[in-house]
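Participant: Take this structure, written in C-alpha cells, and hold onto it; I'll ask about it next.
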Amino acid sequence: MIYAVIDTNVIVSALITRRMDSPTIKVLSAIRDGRIKVVCSRDILNEYREVLSRGKFHLSTARVEQTVSTLVENALFLEPVASGEEFSDETDRVFYEVALAGSEDRTRLVTGNLRHYPISPIVVTPAQMVAILATMSNLENHST
C-alpha cells in the first residue's frame with residue numbers, strides 16, 4: 001500500500017473529467033479499492049469541502065460529501081511538519097507539510113500542479129502515481 005496526500009486539484013479534475021481513463025480517476029479508484037491510503041489533516045479536509053462546493057464545479061452537496069467521505073473513510077490524519085519552504089500560494093503548504101509527516105519512502109503528494117511545490121521525489125503527478133501503482137502491482141504479482 002502507498003500513502004498519499006491528494007491535492008484538491010486532483011479530486012476536482014477526477015470529478016469533472018469526461019475521460020474515464022484519466023490518471024485522476026485512476027488515483028481515486030485506487031483510493032476506493034484500498035491501494036492508496038489517504039493522508040490528510042483537518043485543514044486539508046476543510047479545503048476539500050470548500051473547494052468542491054464552489055458553484056463553478058456544479059457538484060451537488062451529496063456528491064461533495066460522498067467524495068469527501070470516501071477520501072477520509074480510512075484516512076491517516078497527521079499533523080504537518082514545518083518545511084521551511086517558500087510557497088507562492090500558502091494554501092499549498094499544508095499539503096506538502098502533511099506529506100512530509102508521513103513515511104518518507106511510502107508517502108507521496110499527488111498534484112496536477114508540480115510548480116506549486118518544491119522539487120522533491122515525494123511530489124508526483126497523477127500519471128506518475130498511476131505508474132507507481134502499476135510497478136507495485138507488478139512486483140506483487142512476481143512475488144506470489
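Residues are referred to by chain and number: the chain letter is A, B, ... according to the order shown in the C-alpha cells, the number counts from 1 in that chain, and ligands are numbered separately from 1 in the order shown.
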Got a sec to tell me which of stretch 23-142 of chain A DSSP assigns to helix (DSSP H, G or I), as number ranges by chain?
Facilitator: A: 23-32, 42-52, 55-57, 61-72, 90-101, 114-116, 126-142
Participant: Just the residues within 8 Å of A:Phe77, please, counting only C-alpha atoms, with nothing from its chain fewer than 3 positions along; format it as a PyMOL selection string.
Facilitator: chain A and resi 39-42
Participant: Show which residues sit within 10 Å of stretch 23-31 of chain A, as a PyMOL selection string. Count only C-alpha atoms, and ignore same-chain residues fewer than 6 positions away.
Facilitator: chain A and resi 1-4+6+9-17+37-38+67+70-75+110-112+125-131+133
Participant: Considering only C-alpha atoms, return as a count of residues only whatever protein or nucleic-acid residues lie within 9 Å of A:Val98, sequence-local ones (same chain, fewer than 4 positions apart) excluded.
Facilitator: 14
Participant: Can you pull out every residue within 7 Å of A:Arg49, counting only C-alpha atoms, but drop anything in the same chain fewer than 4 positions away, and send it as a list in words?
Facilitator: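 Contacts, in chain order: Leu45, Ser53 and Val64 of chain A.
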Participant: Would you put the residues from that selection into a file with C-alpha atoms, as a compact mmCIF listing (two decimals), in the first residue's frame?
Facilitator:
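Written out: again-v3.txt:
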```txt
# COMPACT_ATOMS: atom_id res chain seq x y z
CA LEU A 45 -10.37 18.19 4.83
CA SER A 53 -18.59 23.19 -3.01
CA VAL A 64 -19.20 16.57 -2.41
```
Participant: What's the 12 Å shell around A:Phe87, counting only C-alpha atoms, without same-chain residues fewer than 6 positions away, as an MDAnalysis selection string?
Facilitator: chainID A and resid 93:97 114:119
Participant: Can I get the selected residues back with C-alpha atoms, as an mmCIF file, in the first residue's frame?
Facilitator:
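Full text of out.cif as output:
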```
data_model
loop_
_atom_site.group_PDB
_atom_site.id
_atom_site.type_symbol
_atom_site.label_atom_id
_atom_site.label_comp_id
_atom_site.auth_asym_id
_atom_site.auth_seq_id
_atom_site.Cartn_x
_atom_site.Cartn_y
_atom_site.Cartn_z
ATOM 1 C CA ARG A 93 1.839 24.478 2.298
ATOM 2 C CA VAL A 94 -0.348 22.147 4.381
ATOM 3 C CA PHE A 95 -0.437 19.500 1.632
ATOM 4 C CA TYR A 96 3.354 19.408 1.353
ATOM 5 C CA GLU A 97 3.959 19.531 5.088
ATOM 6 C CA LEU A 114 4.085 20.406 -9.676
ATOM 7 C CA ARG A 115 5.275 24.006 -9.963
ATOM 8 C CA HIS A 116 3.391 24.900 -6.768
ATOM 9 C CA TYR A 117 5.659 22.646 -4.700
ATOM 10 C CA PRO A 118 9.360 22.225 -4.009
ATOM 11 C CA ILE A 119 11.132 19.781 -6.305
#
```
Participant: Please return, as a ChimeraX atom specification, all residues of chain A that DSSP assigns to strand (DSSP E or B) on the basis of the backbone.
Facilitator: /A:2-6,36-40,76-77,107-110,123-124
Participant: Could you jot down the atom CA of A:Glu86 to atom CA of A:Ser103 separation for me, Å, one decimal place?
Facilitator: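 So the answer is 22.2 Å.
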Participant: From the options A:Gln66, A:Ser83, A:Ser22, A:Thr91, which residue's atoms come nearest to A:Asp7, counting only C-alpha atoms?
Facilitator: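 Smallest distance to A:Asp7 is found for A:Thr91.
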Participant: So which one's closest to A:Asn113, A:Ala101, A:Thr135, A:Ser88, A:Glu50? Using only C-alpha atoms, please.
Facilitator: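 Result for the nearest residue to A:Asn113: A:Ser88.
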Participant: Can you work out the spacing between atom CA of A:Val68 and atom CA of A:Tyr48 in Å, to one decimal?
Facilitator: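 Calculated distance between atom CA of A:Val68 and atom CA of A:Tyr48 is 7.0 Å.
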